[in-house]
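Quick look at coords16.cif (mmCIF, C-alpha atoms):
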data_query
loop_
_atom_site.label_atom_id
_atom_site.label_comp_id
_atom_site.auth_asym_id
_atom_site.auth_seq_id
_atom_site.Cartn_x
_atom_site.Cartn_y
_atom_site.Cartn_z
CA MET A 859 11.55 -9.33 55.17
CA SER A 860 11.95 -10.16 58.84
CA GLU A 861 15.30 -9.93 60.51
CA GLY A 862 17.50 -12.93 60.79
CA ARG A 863 16.08 -14.34 57.61
CA ARG A 864 18.56 -14.45 54.79
CA SER A 865 17.42 -13.30 51.40
CA LEU A 866 16.84 -15.60 48.48
CA THR A 867 19.56 -16.13 45.92
CA VAL A 868 18.79 -15.79 42.23
CA GLU A 869 19.62 -19.44 41.77
CA GLU A 870 17.06 -20.41 44.40
CA ILE A 871 14.35 -18.48 42.62
CA HIS A 872 15.12 -20.23 39.33
CA SER A 873 15.53 -23.63 40.93
CA TYR A 874 12.20 -23.22 42.63
CA ALA A 875 10.48 -22.21 39.39
CA ASP A 876 12.14 -25.09 37.56
CA GLY A 877 11.11 -27.62 40.21
CA ARG A 878 14.70 -28.52 40.94
CA LEU A 879 14.65 -28.38 44.73
CA ASP A 880 14.24 -31.30 47.08
CA ALA A 881 11.41 -31.18 49.60
CA ALA A 882 13.45 -29.67 52.42
CA ARG A 883 14.96 -26.87 50.39
CA ARG A 884 11.68 -26.31 48.65
CA ALA A 885 9.98 -25.68 52.00
CA GLU A 886 12.77 -23.35 53.02
CA VAL A 887 12.52 -21.37 49.78
CA GLU A 888 8.75 -21.24 50.02
CA ALA A 889 9.01 -19.73 53.47
CA LEU A 890 11.37 -17.07 52.19
CA LEU A 891 9.20 -16.40 49.15
CA SER A 892 6.18 -15.82 51.34
CA GLU A 893 7.95 -12.81 52.80
CA ASP A 894 9.38 -11.51 49.57
CA PRO A 895 6.61 -10.59 47.12
CA ASP A 896 9.03 -9.47 44.41
CA ALA A 897 10.87 -12.76 44.43
CA ALA A 898 7.59 -14.66 44.58
CA ALA A 899 6.30 -12.78 41.54
CA ARG A 900 9.49 -13.59 39.67
CA ALA A 901 9.32 -17.27 40.54
CA GLU A 902 5.69 -17.41 39.46
CA ALA A 903 6.41 -15.62 36.19
CA TYR A 904 9.27 -18.01 35.40
CA ARG A 905 7.14 -21.03 36.18
CA ARG A 906 4.46 -19.72 33.84
CA GLN A 907 7.00 -19.12 31.13
CA ASN A 908 8.01 -22.76 31.33
CA GLU A 909 4.39 -23.79 31.14
CA ALA A 910 3.79 -21.55 28.15
CA LEU A 911 6.85 -22.95 26.39
CA HIS A 912 5.58 -26.48 26.82
CA ALA A 913 2.08 -25.53 25.71
CA GLN A 914 3.50 -23.90 22.62
CA PHE A 915 6.11 -26.40 21.53
CA ASP A 916 5.33 -29.84 22.97
CA GLY A 917 3.08 -30.63 20.02
CA VAL A 918 6.10 -31.36 17.87
CA LEU A 919 7.03 -34.27 20.16
CA GLU A 920 3.95 -36.14 18.96
CA GLU A 921 4.72 -35.71 15.30
CA PRO A 922 6.24 -38.59 13.38
CA VAL A 923 9.92 -38.09 12.62
CA PRO A 924 10.22 -37.00 8.98
CA ALA A 925 11.79 -39.75 6.91
CA HIS A 926 14.19 -37.34 5.25
CA PHE A 927 16.12 -36.96 8.50
CA ASP A 928 17.61 -40.35 7.84
CA PRO A 929 20.86 -39.69 5.99
CA ARG A 930 20.39 -42.94 4.13
CA LEU A 931 17.69 -41.08 2.26
CA ARG A 932 19.97 -38.22 1.45
CA SER A 933 19.60 -38.58 -2.28
CA ALA A 934 15.94 -37.78 -1.84
CA ARG A 935 16.90 -34.69 0.08
CA ARG A 936 19.20 -33.51 -2.66
CA ARG A 937 16.34 -33.66 -5.07
CA THR A 938 14.31 -31.51 -2.72
CA LEU A 939 17.15 -29.05 -2.47
CA VAL A 940 17.35 -28.74 -6.21
CA GLN A 941 13.64 -28.06 -6.37
CA ARG A 942 13.97 -25.53 -3.64
CA ALA A 943 16.85 -23.86 -5.40
CA ALA A 944 14.72 -23.57 -8.52
CA VAL A 945 11.97 -21.86 -6.59
CA LEU A 946 14.37 -19.60 -4.77
CA ALA A 947 15.97 -18.61 -8.04
CA TRP A 948 12.58 -17.66 -9.33
CA LEU A 949 11.81 -15.71 -6.20
CA VAL A 950 14.99 -13.74 -6.50
CA ILE A 951 14.99 -13.26 -10.23
CA GLY A 952 11.25 -12.98 -10.71
CA PRO A 953 10.50 -9.80 -8.82
CA ALA A 954 13.78 -8.22 -9.90
CA ALA A 955 13.28 -8.82 -13.57
CA GLY A 956 9.71 -7.76 -13.21
CA TRP A 957 6.96 -8.33 -15.67
CA LEU A 958 9.11 -9.63 -18.46
CA ALA A 959 10.55 -12.46 -16.42
CA HIS A 960 7.13 -13.09 -15.00
CA GLY A 961 5.82 -13.62 -18.51
CA LEU A 962 8.64 -15.99 -19.28
CA ILE A 963 8.04 -18.35 -16.42
CA ASP A 964 5.35 -20.27 -18.14
CA ARG A 965 1.89 -19.44 -19.10
CA SER A 966 0.32 -22.76 -19.88
CA PRO A 967 -0.67 -24.74 -16.84
CA ALA A 968 -1.44 -28.41 -17.23
CA PRO A 969 -5.01 -28.67 -18.51
CA GLU A 970 -6.19 -30.29 -15.27
CA PHE A 971 -5.17 -27.17 -13.42
CA ALA A 972 -6.27 -24.51 -15.85
CA LEU A 973 -9.09 -23.53 -13.52
CA LEU A 974 -7.01 -23.75 -10.35
CA PRO A 975 -6.45 -20.03 -9.63
CA ARG A 976 -10.02 -19.10 -10.46
CA ALA A 977 -11.51 -21.90 -8.32
CA ALA A 978 -9.17 -21.06 -5.44
CA ALA A 979 -10.03 -17.38 -5.56
CA VAL A 980 -13.76 -18.09 -5.64
CA ALA A 981 -13.50 -20.49 -2.71
CA HIS A 982 -11.44 -17.89 -0.88
CA ALA A 983 -14.00 -15.17 -1.54
CA VAL A 984 -16.90 -17.39 -0.50
CA TYR A 985 -15.57 -18.79 2.75
CA THR A 986 -13.23 -16.19 4.26
CA PRO A 987 -16.02 -13.74 5.17
CA GLU A 988 -17.83 -16.54 6.99
CA VAL A 989 -18.05 -15.81 10.69
CA ILE A 990 -19.80 -18.84 12.13
CA HIS A 991 -18.74 -21.65 9.81
CA PRO A 992 -15.48 -20.65 8.12
CA VAL A 993 -14.32 -24.28 8.16
CA GLU A 994 -15.84 -27.72 8.45
CA VAL A 995 -13.13 -29.14 10.67
CA ALA A 996 -11.34 -26.82 13.06
CA ALA A 997 -7.61 -26.67 13.70
CA GLU A 998 -8.06 -28.41 17.06
CA GLN A 999 -8.70 -31.59 15.08
CA GLU A 1000 -5.81 -31.07 12.71
CA ARG A 1001 -4.91 -34.74 12.53
CA HIS A 1002 -8.44 -35.73 11.68
CA LEU A 1003 -8.69 -32.92 9.15
CA VAL A 1004 -5.57 -34.07 7.34
CA GLN A 1005 -6.57 -37.72 7.36
CA TRP A 1006 -10.04 -36.95 6.10
CA LEU A 1007 -9.00 -34.64 3.28
CA SER A 1008 -6.09 -36.89 2.29
CA LYS A 1009 -8.53 -39.71 1.96
CA ARG A 1010 -11.01 -37.72 -0.07
CA LEU A 1011 -8.37 -36.34 -2.42
CA ASP A 1012 -6.63 -39.70 -2.47
CA ALA A 1013 -3.30 -37.99 -1.88
CA PRO A 1014 -1.17 -37.48 1.23
CA LEU A 1015 -1.85 -33.89 2.25
CA ARG A 1016 0.00 -31.90 4.83
CA VAL A 1017 -1.01 -28.66 6.46
CA PRO A 1018 1.77 -26.12 6.28
CA ASP A 1019 2.55 -24.08 9.36
CA LEU A 1020 2.31 -20.35 8.74
CA ASN A 1021 2.69 -19.25 12.35
CA ALA A 1022 6.00 -17.68 11.45
CA PHE A 1023 3.96 -15.19 9.42
CA ALA A 1024 1.44 -14.75 12.25
CA TYR A 1025 -1.15 -16.80 10.37
CA ALA A 1026 -2.60 -19.55 12.54
CA LEU A 1027 -4.54 -22.46 11.13
CA VAL A 1028 -8.31 -22.06 11.46
CA GLY A 1029 -9.15 -25.42 9.90
CA GLY A 1030 -10.24 -26.77 6.57
CA ARG A 1031 -13.02 -28.02 4.39
CA LEU A 1032 -13.80 -30.25 1.45
CA LEU A 1033 -14.95 -28.55 -1.74
CA PRO A 1034 -16.22 -29.63 -5.13
CA ALA A 1035 -13.86 -28.67 -7.94
CA ASP A 1036 -14.67 -28.87 -11.64
CA ASP A 1037 -14.38 -32.65 -11.79
CA GLY A 1038 -13.54 -33.89 -8.34
CA PRO A 1039 -12.81 -32.94 -4.75
CA ALA A 1040 -10.61 -30.12 -3.56
CA ALA A 1041 -9.43 -29.12 -0.11
CA GLN A 1042 -9.23 -25.69 1.43
CA PHE A 1043 -7.17 -24.85 4.50
CA MET A 1044 -7.82 -21.51 6.13
CA TYR A 1045 -5.45 -19.41 8.21
CA GLN A 1046 -5.89 -16.14 9.99
CA THR A 1047 -3.94 -13.54 11.89
CA ALA A 1048 -4.81 -12.26 15.34
CA GLN A 1049 -6.41 -9.31 13.54
CA GLY A 1050 -8.64 -11.67 11.58
CA VAL A 1051 -6.95 -11.34 8.19
CA ARG A 1052 -7.47 -14.62 6.37
CA LEU A 1053 -5.48 -16.63 3.91
CA THR A 1054 -6.46 -19.87 2.21
CA LEU A 1055 -4.54 -22.72 0.69
CA TYR A 1056 -6.50 -24.60 -1.94
CA VAL A 1057 -5.34 -28.06 -2.98
CA ARG A 1058 -6.40 -30.24 -5.90
CA ALA A 1059 -5.13 -33.62 -6.98
CA ARG A 1060 -4.88 -35.13 -10.43
CA GLU A 1061 -4.45 -38.68 -11.65
CA ALA A 1062 -0.81 -38.64 -12.62
CA GLY A 1063 1.97 -36.33 -11.52
CA ASP A 1064 4.02 -34.98 -14.36
CA GLY A 1065 5.17 -31.50 -15.20
CA ASP A 1066 5.84 -29.58 -11.99
CA THR A 1067 5.72 -25.85 -12.42
CA ALA A 1068 7.21 -22.77 -10.87
CA PHE A 1069 5.01 -20.31 -9.04
CA ARG A 1070 2.47 -18.43 -11.06
CA TYR A 1071 0.66 -15.37 -9.95
CA ALA A 1072 -2.90 -14.41 -10.76
CA ARG A 1073 -5.37 -11.81 -9.60
CA GLU A 1074 -8.99 -12.76 -9.47
CA GLY A 1075 -11.28 -10.01 -8.28
CA GLY A 1076 -9.51 -8.49 -5.32
CA VAL A 1077 -7.80 -11.75 -4.46
CA SER A 1078 -4.15 -12.48 -5.14
CA VAL A 1079 -3.41 -16.10 -5.96
CA LEU A 1080 -0.06 -17.81 -6.14
CA TYR A 1081 -0.28 -21.28 -7.53
CA TRP A 1082 1.99 -24.09 -8.50
CA ILE A 1083 1.94 -27.77 -9.32
CA ASP A 1084 4.04 -30.28 -7.48
CA GLY A 1085 3.66 -33.89 -8.56
CA ARG A 1086 0.04 -34.93 -8.42
CA LEU A 1087 -1.04 -31.88 -6.46
CA GLY A 1088 -1.88 -28.37 -7.49
CA TYR A 1089 -1.70 -25.70 -4.80
CA ALA A 1090 -3.08 -22.18 -4.72
CA LEU A 1091 -2.42 -19.74 -1.92
CA SER A 1092 -4.95 -16.91 -1.91
CA GLY A 1093 -5.27 -13.74 0.08
CA GLU A 1094 -5.98 -10.05 -0.02
CA VAL A 1095 -2.32 -9.30 0.46
CA GLU A 1096 0.53 -7.87 -1.54
CA ARG A 1097 2.10 -10.13 -4.11
CA THR A 1098 5.49 -10.05 -2.43
CA GLU A 1099 4.04 -11.03 0.92
CA LEU A 1100 2.11 -13.84 -0.69
CA LEU A 1101 5.27 -14.99 -2.45
CA THR A 1102 7.18 -15.22 0.79
CA MET A 1103 4.47 -17.33 2.33
CA ALA A 1104 4.01 -19.47 -0.78
CA GLU A 1105 7.71 -20.16 -0.70
CA ALA A 1106 7.46 -21.27 2.92
CA VAL A 1107 4.49 -23.48 2.07
CA TYR A 1108 6.36 -24.97 -0.84
CA ARG A 1109 9.42 -25.70 1.27
CA GLN A 1110 7.39 -27.31 4.02
CA LEU A 1111 5.44 -29.47 1.62
CA GLY A 1112 8.60 -30.37 -0.28
CA LEU A 1113 10.35 -31.42 2.88
CA SER A 1114 7.49 -33.63 3.88
CA GLY A 1115 7.67 -35.62 0.66
CA MET B 784 26.81 -45.08 15.87
CA LYS B 785 23.73 -45.84 13.87
CA PHE B 786 20.89 -43.56 12.92
CA GLU B 787 18.56 -45.72 15.01
CA GLU B 788 20.40 -44.72 18.17
CA LEU B 789 19.77 -41.07 17.44
CA GLU B 790 16.19 -41.50 16.43
CA ALA B 791 14.74 -41.48 19.94
CA HIS B 792 16.21 -38.03 20.52
CA ILE B 793 14.90 -36.42 17.37
CA PRO B 794 11.55 -35.23 18.74
CA ARG B 795 13.24 -33.21 21.47
CA LEU B 796 15.85 -31.86 19.11
CA ARG B 797 13.02 -30.72 16.86
CA ARG B 798 11.20 -29.12 19.75
CA TYR B 799 14.24 -27.15 20.81
CA ALA B 800 15.09 -26.19 17.23
CA LEU B 801 11.55 -25.03 16.55
CA ALA B 802 11.48 -22.87 19.65
CA LEU B 803 14.89 -21.49 18.78
CA MET B 804 14.26 -20.78 15.10
CA ARG B 805 10.45 -20.35 14.99
CA ASP B 806 10.37 -21.41 11.36
CA ARG B 807 9.61 -25.10 10.95
CA VAL B 808 11.63 -25.57 7.84
CA GLU B 809 14.66 -23.84 9.28
CA ALA B 810 14.24 -25.80 12.48
CA ASP B 811 14.15 -29.12 10.68
CA ASP B 812 17.13 -28.07 8.60
CA LEU B 813 19.03 -27.46 11.81
CA VAL B 814 18.00 -30.86 13.15
CA GLN B 815 19.07 -32.51 9.94
CA ASP B 816 22.48 -30.86 9.99
CA THR B 817 22.85 -31.82 13.63
CA LEU B 818 22.10 -35.46 12.92
CA GLU B 819 24.46 -35.58 9.98
CA ARG B 820 27.21 -34.03 12.02
CA ALA B 821 26.55 -36.37 14.93
CA LEU B 822 26.91 -39.38 12.66
CA ARG B 823 30.11 -38.01 11.16
CA LYS B 824 31.57 -37.25 14.59
CA ALA B 825 30.23 -40.37 16.26
CA SER B 826 33.70 -41.49 17.29
CA LEU B 827 33.95 -38.45 19.55
CA TRP B 828 31.02 -39.50 21.66
CA ARG B 829 31.88 -41.38 24.83
CA ARG B 830 29.56 -44.32 25.33
CA ASP B 831 29.07 -43.62 29.02
CA SER B 832 28.04 -40.00 28.53
CA ASP B 833 24.60 -38.57 27.93
CA LEU B 834 23.78 -38.84 24.23
CA ARG B 835 21.02 -36.27 24.45
CA ALA B 836 23.29 -33.62 25.98
CA TRP B 837 25.91 -34.39 23.34
CA LEU B 838 23.35 -33.91 20.58
CA PHE B 839 22.21 -30.59 22.06
CA THR B 840 25.86 -29.53 22.16
CA ILE B 841 26.26 -30.36 18.49
CA MET B 842 23.07 -28.53 17.65
CA HIS B 843 24.27 -25.48 19.52
CA ASN B 844 27.56 -25.52 17.63
CA VAL B 845 25.86 -25.97 14.27
CA HIS B 846 23.53 -23.11 15.07
CA VAL B 847 26.31 -20.81 16.21
CA ASN B 848 28.31 -21.60 13.09
CA ARG B 849 25.33 -20.70 10.96
CA LEU B 850 24.82 -17.45 12.81
CA ARG B 851 28.49 -16.63 12.44
CA ARG B 852 28.17 -17.12 8.73
CA GLU B 853 25.07 -14.95 8.60
CA LEU B 854 26.57 -12.27 10.78
CA ARG B 855 29.95 -12.28 9.17
CA ASN B 856 30.31 -8.57 9.63
CA VAL B 857 29.32 -8.50 13.25
CA THR B 858 31.72 -9.06 16.08
CA VAL B 859 31.53 -12.34 17.93
CA PRO B 860 30.11 -11.02 21.25
CA GLU B 861 26.77 -10.91 19.41
CA LEU B 862 26.62 -14.64 19.89
CA ASP B 863 27.13 -14.38 23.60
CA GLY B 864 23.82 -12.68 23.94
CA GLU B 865 25.15 -9.28 24.81
CA ILE B 866 23.83 -7.55 21.73
CA GLU B 867 20.32 -7.63 20.40
CA ASN B 868 19.18 -9.59 17.41
CA LEU B 869 19.81 -7.64 14.29
CA SER B 870 16.34 -8.40 13.12
CA VAL B 871 14.68 -6.82 16.11
CA ASP B 872 12.92 -3.68 15.12
CA ALA B 873 11.30 -2.13 18.14
CA ASP B 874 8.44 -0.20 16.68
CA GLN B 875 5.28 0.91 18.36
CA ASP B 876 3.54 -2.38 17.85
CA ALA B 877 6.34 -4.25 19.51
CA ALA B 878 4.87 -4.45 22.98
CA LEU B 879 1.52 -5.58 21.70
CA GLU B 880 2.86 -8.17 19.34
CA ALA B 881 5.33 -9.49 21.85
CA ARG B 882 2.62 -10.60 24.21
CA ASP B 883 2.62 -13.64 22.09
CA LEU B 884 5.24 -16.00 23.47
CA THR B 885 6.73 -16.87 20.11
CA ALA B 886 7.18 -13.25 19.19
CA ALA B 887 8.62 -12.47 22.61
CA LEU B 888 11.12 -15.30 22.24
CA ALA B 889 12.19 -13.97 18.90
CA ARG B 890 12.99 -10.69 20.55
CA LEU B 891 15.44 -12.29 22.93
CA PRO B 892 19.06 -12.25 21.88
CA VAL B 893 19.94 -15.74 20.81
CA GLY B 894 22.31 -16.30 23.72
CA LEU B 895 19.56 -15.63 26.22
CA ARG B 896 16.97 -17.51 24.19
CA SER B 897 19.06 -20.70 24.15
CA VAL B 898 19.44 -20.70 27.90
CA VAL B 899 15.77 -20.01 28.57
CA LEU B 900 14.82 -22.85 26.22
CA LEU B 901 17.38 -25.41 27.33
CA VAL B 902 16.39 -24.92 30.96
CA GLY B 903 12.71 -24.05 30.71
CA LEU B 904 11.64 -26.23 27.81
CA GLU B 905 14.22 -29.00 27.57
CA GLN B 906 14.63 -29.20 31.33
CA LEU B 907 18.36 -29.42 31.30
CA SER B 908 20.03 -28.77 34.63
CA TYR B 909 21.99 -25.52 34.87
CA GLN B 910 25.18 -27.55 34.76
CA GLU B 911 24.06 -29.44 31.65
CA ALA B 912 23.04 -26.22 29.94
CA ALA B 913 26.46 -24.77 30.77
CA SER B 914 28.17 -27.75 29.23
CA VAL B 915 25.98 -27.69 26.10
CA LEU B 916 26.68 -24.00 25.59
CA GLY B 917 30.33 -24.24 26.59
CA VAL B 918 30.09 -21.51 29.22
CA PRO B 919 30.51 -21.46 33.01
CA VAL B 920 27.41 -22.22 35.06
CA GLY B 921 27.50 -18.66 36.45
CA THR B 922 27.02 -17.38 32.91
CA VAL B 923 24.04 -19.68 32.48
CA MET B 924 22.49 -18.27 35.65
CA SER B 925 22.99 -14.67 34.63
CA ARG B 926 21.68 -15.27 31.11
CA LEU B 927 18.75 -17.18 32.52
CA SER B 928 17.88 -14.25 34.79
CA ARG B 929 18.20 -11.68 32.05
CA GLY B 930 16.33 -13.84 29.55
CA ARG B 931 13.46 -14.61 31.85
CA GLU B 932 13.16 -11.04 33.08
CA ARG B 933 13.07 -9.77 29.55
CA LEU B 934 10.48 -12.34 28.50
CA ARG B 935 8.44 -11.37 31.50
CA ALA B 936 8.56 -7.71 30.53
CA LEU B 937 7.80 -8.45 26.88
CA MET B 938 4.88 -10.67 27.66
CA SER B 939 3.36 -8.25 30.12
CA GLY B 940 3.54 -5.59 27.46
CA GLU B 941 5.90 -3.40 29.44
CA PRO B 942 8.34 -1.38 27.43
CA VAL B 943 11.69 -3.07 27.23
CA PRO B 944 14.29 -0.35 27.14
CA HIS B 945 17.03 -2.67 25.91
CA LEU B 946 15.18 -3.18 22.70
CA ARG B 947 14.99 0.45 21.78
CA ARG B 948 16.92 1.31 18.70
CA VAL B 949 19.82 3.63 19.02
CA LYS B 950 19.12 6.56 16.77
#

Starting from the coordinates I provided, produce the structure as structure tokens.
Amino acid sequence: MSEGRRSLTVEEIHSYADGRLDAARRAEVEALLSEDPDAAARAEAYRRQNEALHAQFDGVLEEPVPAHFDPRLRSARRRTLVQRAAVLAWLVIGPAAGWLAHGLIDRSPAPEFALLPRAAAVAHAVYTPEVIHPVEVAAEQERHLVQWLSKRLDAPLRVPDLNAFAYALVGGRLLPADDGPAAQFMYQTAQGVRLTLYVRAREAGDGDTAFRYAREGGVSVLYWIDGRLGYALSGEVERTELLTMAEAVYRQLGLSG
Amino acid sequence: MKFEELEAHIPRLRRYALALMRDRVEADDLVQDTLERALRKASLWRRDSDLRAWLFTIMHNVHVNRLRRELRNVTVPELDGEIENLSVDADQDAALEARDLTAALARLPVGLRSVVLLVGLEQLSYQEAASVLGVPVGTVMSRLSRGRERLRALMSGEPVPHLRRVK
């Protein structure tokens, strides 16, 4: 740095990166930055961080505000909380009590969903190895994907967010089930490990169930019925890991309703 | 105050909460609690002040209260961002994984994370951030510097000595 020039303050570096300086001070700071590569690198890194934050999180601004935020609908929320509590209780008690408790949960799915775990596992096994066409509609067109599949299943679908588990949405596809359409959403980790969520609808919604676990081939499936929809989360992962994610899926879908 | 008045601010509250919590459900839970509290405490809001800043303040308080409950056995300075997240487990994969912004954010102590997000994402002025967090503006500046430097190190894959576990 040349003599006579003062050095930059930390606040100036941040203010510059945050675009908070007026034109005159901006020019002054820029001149100082041009002679101070360390400070310039910091300012640039901070500016990029801001950009990355917006790129990552601005999407939520476009989403419709969930109706359940309105406290006037609080009774609806309570119902959701009770459902959630039931699932959580199962999650806590289930693994602890082991096989016995598992057997007690319930073994007789509604007839419409008897084939759910099998169909989900087969769809998982067929499409997850696919390199070129794993999905029909990619995650970039998530809105379109949801609208399309909701229309075909004649039920309001929602794509759960599994980013917290490092699974990003790949996209989804329409599938034939035993007597109607089904939807499959695919997720994958940065390492390419894939997970699928299979969804089927039925005519009337009665008889919600707790989570059930099945193994089909090498695929673990956790499935449950919520209203008109039957869900199955499939993956080549440990049961406990799948449970954690299924619980997150369940909570997200429950909150959307 | 009516719910309708708050509604316009919800998207940004959700954005901040999501960045803060990472988990969508937890984030929306935080927003919901914030809105409920805002409606209950509506009489405390001065009409001429910035509603958005007030809502962020409430959200911060709700969040801190939750953390206090979760960290009952930990001393309060934890919340001031001086101590690392308890959940941080700096293993060998840490540097690699943390290149992802979300993961890097999660590795910031919550006190630093809030400042980085309020300023960098929510574009609050340093003064506004100080008022939301209830700390002097000098504290905001120092947390901002530490937070951003740490994010920078995490995202460039450099080892971050602060995150090493004490054996």

Would you kindly return, as an MDAnalysis selection string, each protein, DNA or RNA residue with an atom no farther than 10 Å from any atom of region 892-908 of chain A, considering only C-alpha atoms and excluding same-chain residues fewer than 5 positions away?
(chainID A and resid 859:860 863 865:868 870:877 887 913:914) or (chainID B and resid 884 899:900 902:906 927:928 931:932 934:936 938)

Mind listing as a ChimeraX atom specification which residues of chain B are within 6 Å of chain A, counting only C-alpha atoms?
/B:794,798,806,808,815,903-904

Taking only C-alpha atoms into account, name the residue in A:Thr1047, A:Thr1102, A:Thr1067, A:Gln1042 that is nearest to Gly1030 (chain A).
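Under the stated criterion, the closest residue is A:Gln1042.
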
What is the distance, in Å and to one decimal place, between CA of Val995 (chain A) and CA of Gly1029 (chain A)?
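Distance between the two atoms: 5.5 Å.
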
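Those residues that approach Leu803 (chain B) to within 10 Å, counting all atoms listed in the file, are Arg797, Arg798, Glu809, Ala810, His846, Thr885, Leu888, Ala889, Val893, Arg896, Ser897, Val899, Leu900 and Leu901 of chain B; same-chain residues fewer than 5 positions away are not listed.
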
From B:Glu787, B:Tyr909, B:Arg851, B:Gly894, residue lying nearest Arg926 (chain B) [only C-alpha atoms]:
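When distances to Arg926 (chain B) are compared using only C-alpha atoms, the smallest one comes from B:Gly894.
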
Atom pair CA of Ser826 (chain B) / CA of Phe839 (chain B): separation (Å)
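Those two atoms sit 16.5 Å apart.
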
Could you work out how far CA of Arg1058 (chain A) lies from CA of Glu994 (chain A), giving the answer in Å with one decimal?
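About the pair CA of Glu994 (chain A) and CA of Arg1058 (chain A): they are 17.4 Å apart.
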
For the structure shown, which residues end up in the PyMOL selection byres ((chain B and resi 843) around 10)? Put them as a list in words, please?
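The output of the PyMOL selection byres ((chain B and resi 843) around 10) on this file is Ala800, Leu813, Thr817, Trp837, Leu838, Phe839, Thr840, Ile841, Met842, Asn844, Val845, His846, Val847, Asn848, Arg849, Ser897, Val915, Leu916 and Gly917 of chain B.
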
Chain and number of each residue from the PyMOL selection byres ((chain A and resi 987) around 12), as a list of chain:residue names:
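For this structure, the PyMOL selection byres ((chain A and resi 987) around 12) resolves to A:Val980, A:Ala981, A:His982, A:Ala983, A:Val984, A:Tyr985, A:Thr986, A:Glu988, A:Val989, A:Ile990, A:His991, A:Pro992, A:Val993, A:Met1044, A:Gln1046, A:Gly1050, A:Val1051, A:Arg1052, A:Leu1053, A:Thr1054, A:Gly1093, A:Glu1094.
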
Given the file above and the PyMOL selection byres ((chain B and resi 785) around 10), which residues are selected, and can you give them as a list in words?
Met784, Phe786, Glu787, Glu788, Leu789, Glu790, Ala821, Leu822 and Ala825 of chain B

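For the set A:Gln1005, A:Leu974, A:Ala996, A:Glu886, the residue with the smallest atom-to-atom gap to Leu1080 (chain A) is A:Leu974, counting all atoms listed in the file.
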
For region 1006-1010 of chain A, list every protein, DNA or RNA residue within 12 Å, evaluated using all atoms listed in the file, and leave out those in the same chain fewer than 3 positions away; present the list as a PDB file with C-alpha atoms, in the coordinates of the input.
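Saved result, around10.pdb, follows:
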ATOM      1  CA  GLU A 994     -15.840 -27.720   8.450  1.00  0.00           C
ATOM      2  CA  VAL A 995     -13.130 -29.140  10.670  1.00  0.00           C
ATOM      3  CA  GLN A 999      -8.700 -31.590  15.080  1.00  0.00           C
ATOM      4  CA  GLU A1000      -5.810 -31.070  12.710  1.00  0.00           C
ATOM      5  CA  ARG A1001      -4.910 -34.740  12.530  1.00  0.00           C
ATOM      6  CA  HIS A1002      -8.440 -35.730  11.680  1.00  0.00           C
ATOM      7  CA  LEU A1003      -8.690 -32.920   9.150  1.00  0.00           C
ATOM      8  CA  ALA A1013      -3.300 -37.990  -1.880  1.00  0.00           C
ATOM      9  CA  PRO A1014      -1.170 -37.480   1.230  1.00  0.00           C
ATOM     10  CA  LEU A1015      -1.850 -33.890   2.250  1.00  0.00           C
ATOM     11  CA  ARG A1016       0.000 -31.900   4.830  1.00  0.00           C
ATOM     12  CA  VAL A1017      -1.010 -28.660   6.460  1.00  0.00           C
ATOM     13  CA  GLY A1029      -9.150 -25.420   9.900  1.00  0.00           C
ATOM     14  CA  GLY A1030     -10.240 -26.770   6.570  1.00  0.00           C
ATOM     15  CA  ARG A1031     -13.020 -28.020   4.390  1.00  0.00           C
ATOM     16  CA  LEU A1032     -13.800 -30.250   1.450  1.00  0.00           C
ATOM     17  CA  LEU A1033     -14.950 -28.550  -1.740  1.00  0.00           C
ATOM     18  CA  PRO A1034     -16.220 -29.630  -5.130  1.00  0.00           C
ATOM     19  CA  GLY A1038     -13.540 -33.890  -8.340  1.00  0.00           C
ATOM     20  CA  PRO A1039     -12.810 -32.940  -4.750  1.00  0.00           C
ATOM     21  CA  ALA A1040     -10.610 -30.120  -3.560  1.00  0.00           C
ATOM     22  CA  ALA A1041      -9.430 -29.120  -0.110  1.00  0.00           C
ATOM     23  CA  GLN A1042      -9.230 -25.690   1.430  1.00  0.00           C
ATOM     24  CA  PHE A1043      -7.170 -24.850   4.500  1.00  0.00           C
ATOM     25  CA  TYR A1056      -6.500 -24.600  -1.940  1.00  0.00           C
ATOM     26  CA  VAL A1057      -5.340 -28.060  -2.980  1.00  0.00           C
ATOM     27  CA  ARG A1058      -6.400 -30.240  -5.900  1.00  0.00           C
ATOM     28  CA  ALA A1059      -5.130 -33.620  -6.980  1.00  0.00           C
ATOM     29  CA  LEU A1087      -1.040 -31.880  -6.460  1.00  0.00           C
TER      30      LEU A1087
END

Report, as JSON, the centre and edge lengths in Å (one decimal) of the axis-aligned box enclosing every listed atom of region 1000-1016 of chain A, padded by 6 Å on each side.
{"center_x": -5.5, "center_y": -35.4, "center_z": 5.1, "size_x": 23.0, "size_y": 20.6, "size_z": 27.2}

Would you please work out which residue, of A:Leu1101, A:Ala997, A:Ala1026, A:Ala1035, is nearest to Leu973 (chain A) when using only C-alpha atoms?
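Closest residue, counting only C-alpha atoms: A:Ala1035.
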